[in-house]
Amino acid sequence: MKRKYVDHYSNFDINEFNKFFDGDINNSINAAVECCDRYADSDKIALYWEGVNGEEEAITFKKLKDETSRLANFLVAQGVKPGEVISGLLPRTPELLYTILGAWKAGVIYQPLFTAFGPKAIEQRLNSSQAKIVFTDDTNRSKLEQLPMKPKKCVMVRSIDYKLADDDFDFRKVMAEQSVDFTPVMKKGEDTFCLLSTSGTTGLPKAVPVPLFALSSFKQYMDLAVDLKQTDRFWNLADPGWAYGLYYSVIGPLVNGNALLFYEGGFSTKSTIRVIQKYKITNLAGSPTAFRLLIGNGEEVSKAIKGQLRVVSSAGEPLNPEVINWFKNKLDVVINDHYGQTETGMTVNNHHELEHIIKPGSMGYAMPGYKVVILDENGKIAPPNTPGVIAIDIANSPIMWFKGYLKTETPAISNGFYTTGDTAEQTEDGRITYVGRNDDVITSSGYRIGPFDVESVLLEHPCVLETAVIGIPDLERTEIVKAFVVLNKGFEATIELKEELSLFVKKGLAAHAYPRKIEFIDELPKTPSGKVQRFLLKSREA
């Protein structure tokens, strides 16, 4: 039976909640102990791994404890000290998990590097972290060749034809040389254990230090929003090179003693169905982009996995009503929308575990431990149902962990609030509905138009696979709405179809909000994590 949201929110006690952890989260804690060692006395599985060529392995918490101790010993042998940084540029393999938890065990900060990054993106992140060692594989090693900084490299060699550079370490060889005995380095809750970067949807990425007391927030999300049970088989489609993947495909399940799943192959409808069936997945998380691709192959997906999934969670971008209805009608499962940022983790959710109103198109309610408000243009709390910026009341959010960017000013933290840059409305009972990024909201003839509303209607048309909406300058109306549309297979880009889509929005949404211009494109510009980069579309129109 679900717990009542109102009761759980008002009665949340951070001190009681933190008694879950093995260590003292404020004064003496180690993330590897919390995510691994405390569960290593049994044969429980920590990781299900399936490789790109079909290899597979089920790794227990006991083996994970041994391997992460080996890696920690290697770091010490190389002179890496607690509080320094190592980076992981590795695919979703067991070695990636050993690297992450091995760093934490040694009191070292872990920085993820997404494997789709090119040299420039890697250079930006290594400049901020000054990582002592980069752990990578033979496929990605060449990206480090021309970088101005020269950290040590430890390479996981997979190809028999690969020749290791003279000054590189062989990952498997050095691991085999290390002892499985290691005493975890205890840290304070305020100490950094991860160094993330913002996704770059609005400009260059900024470094985000993640302190150990963020573990409370990550666990709260898994408990209440994802509703992760010990009986669940969990799969988060997000890559650990990004915040949602590292926070909630690695830390979240492990801190609860659940297994995580690393599937190294590429995303496709067929592979997703197969993995869900093979590993008996009951609890699934991912992004709207991935879920819309599943919808594109509707009947195949529905026949294969209908009724298998217990709950589904979506994050990264607003979840369109079209996706919600499809999961309910075709897969017989509830998919809930969740909202957060790299800087905060998830903060506003339609919680699977809690009883509250769930309205399609709404982000939901503040997660217990956060006080989320809407601020007007003067920085004051806005009246109910009035658009404004989403903000976190820091003093009244005991689970809030973000203190500011690394070596960079953080104007978003001011007057006791962290402002997200996202625009939303909040009802009297606290339910929050997304409007758009502050710089994405369109002002046309005095109306404020949220791109998400227009996109949601367009996605209901059978010809539309993906869409992104922006405002472009107009002398008469200040801005007009322009939609970039990726068509489904079988539809042809014609003037008549443009007119049909404009009329479709005009009738389905509002006469002032329809796209007066439509451009058909092959694909939308996105970050490697799948978020649409509207600022690039805007720059095309400048």
# chains A, B, ... in the order shown; residues from 1 in each chain; ligands from 1
call {"tool": "residues_around", "arguments": {"residues": "range 54-59 of chain A", "least_positions_apart": "2", "cutoff": "10 Å", "atoms": "only C-alpha atoms", "output": "PyMOL selection string"}}
result
chain A and resi 43-52+61-64+93-94+259+261-265
call {"tool": "select_by_dssp", "arguments": {"residues": "range 92-231 of chain A", "states": "strand (DSSP E)", "output": "ChimeraX atom specification"}}
result
/A:109-112,133-137,152-156,169-170,192-197,207-211
call {"tool": "closest_residue", "arguments": {"among": "A:Val208, A:Ile281, A:Met149, A:Met175", "to": "Tyr110 in chain A", "atoms": "only C-alpha atoms"}}
result
A:Val208
call {"tool": "select_by_dssp", "arguments": {"residues": "range 46-275 of chain A", "states": "alpha helix (DSSP H)", "output": "PyMOL selection string"}}
result
chain A and resi 61-77+94-105+119-129+171-176+214-220+243-245+252-255+269-275
call {"tool": "closest_residue", "arguments": {"among": "A:Ala468, A:Ala510, A:Ala77, A:Val275", "to": "Phe234 in chain A", "atoms": "only C-alpha atoms"}}
result
A:Val275
call {"tool": "atom_distance", "arguments": {"atom1": "CA of Met186 in chain A", "atom2": "CA of Ser69 in chain A"}}
result
14.2 Å
call {"tool": "residues_around", "arguments": {"residues": "Lys132 in chain A", "least_positions_apart": "2", "cutoff": "7 Å", "atoms": "only C-alpha atoms", "output": "short mmCIF file (atom, residue, chain, number, x, y, z; two decimals) with N, CA and C atoms, in the first residue's frame"}}
result
data_model
loop_
_atom_site.label_atom_id
_atom_site.label_comp_id
_atom_site.auth_asym_id
_atom_site.auth_seq_id
_atom_site.Cartn_x
_atom_site.Cartn_y
_atom_site.Cartn_z
N VAL A 80 48.33 8.32 -5.58
CA VAL A 80 47.09 9.11 -5.61
C VAL A 80 46.56 9.23 -4.18
N VAL A 85 41.74 13.37 -7.76
CA VAL A 85 40.74 12.91 -8.73
C VAL A 85 41.33 11.89 -9.69
N ILE A 86 40.56 10.85 -10.01
CA ILE A 86 40.84 9.98 -11.16
C ILE A 86 39.61 10.00 -12.05
N GLN A 130 41.93 18.07 -13.06
CA GLN A 130 43.36 17.76 -12.90
C GLN A 130 43.54 16.31 -12.44
N VAL A 134 43.74 8.51 -15.78
CA VAL A 134 42.54 8.26 -16.56
C VAL A 134 42.48 6.77 -16.86
N PRO A 151 47.94 13.14 -17.77
CA PRO A 151 47.75 12.24 -16.64
C PRO A 151 48.23 10.84 -16.99
N LYS A 152 48.46 10.03 -16.00
CA LYS A 152 48.78 8.63 -16.25
C LYS A 152 47.56 7.95 -16.87
#
call {"tool": "closest_residue", "arguments": {"among": "A:Asp227, A:Glu145, A:Glu466, A:Glu425", "to": "Asp522 in chain A", "atoms": "only C-alpha atoms"}}
result
A:Glu466
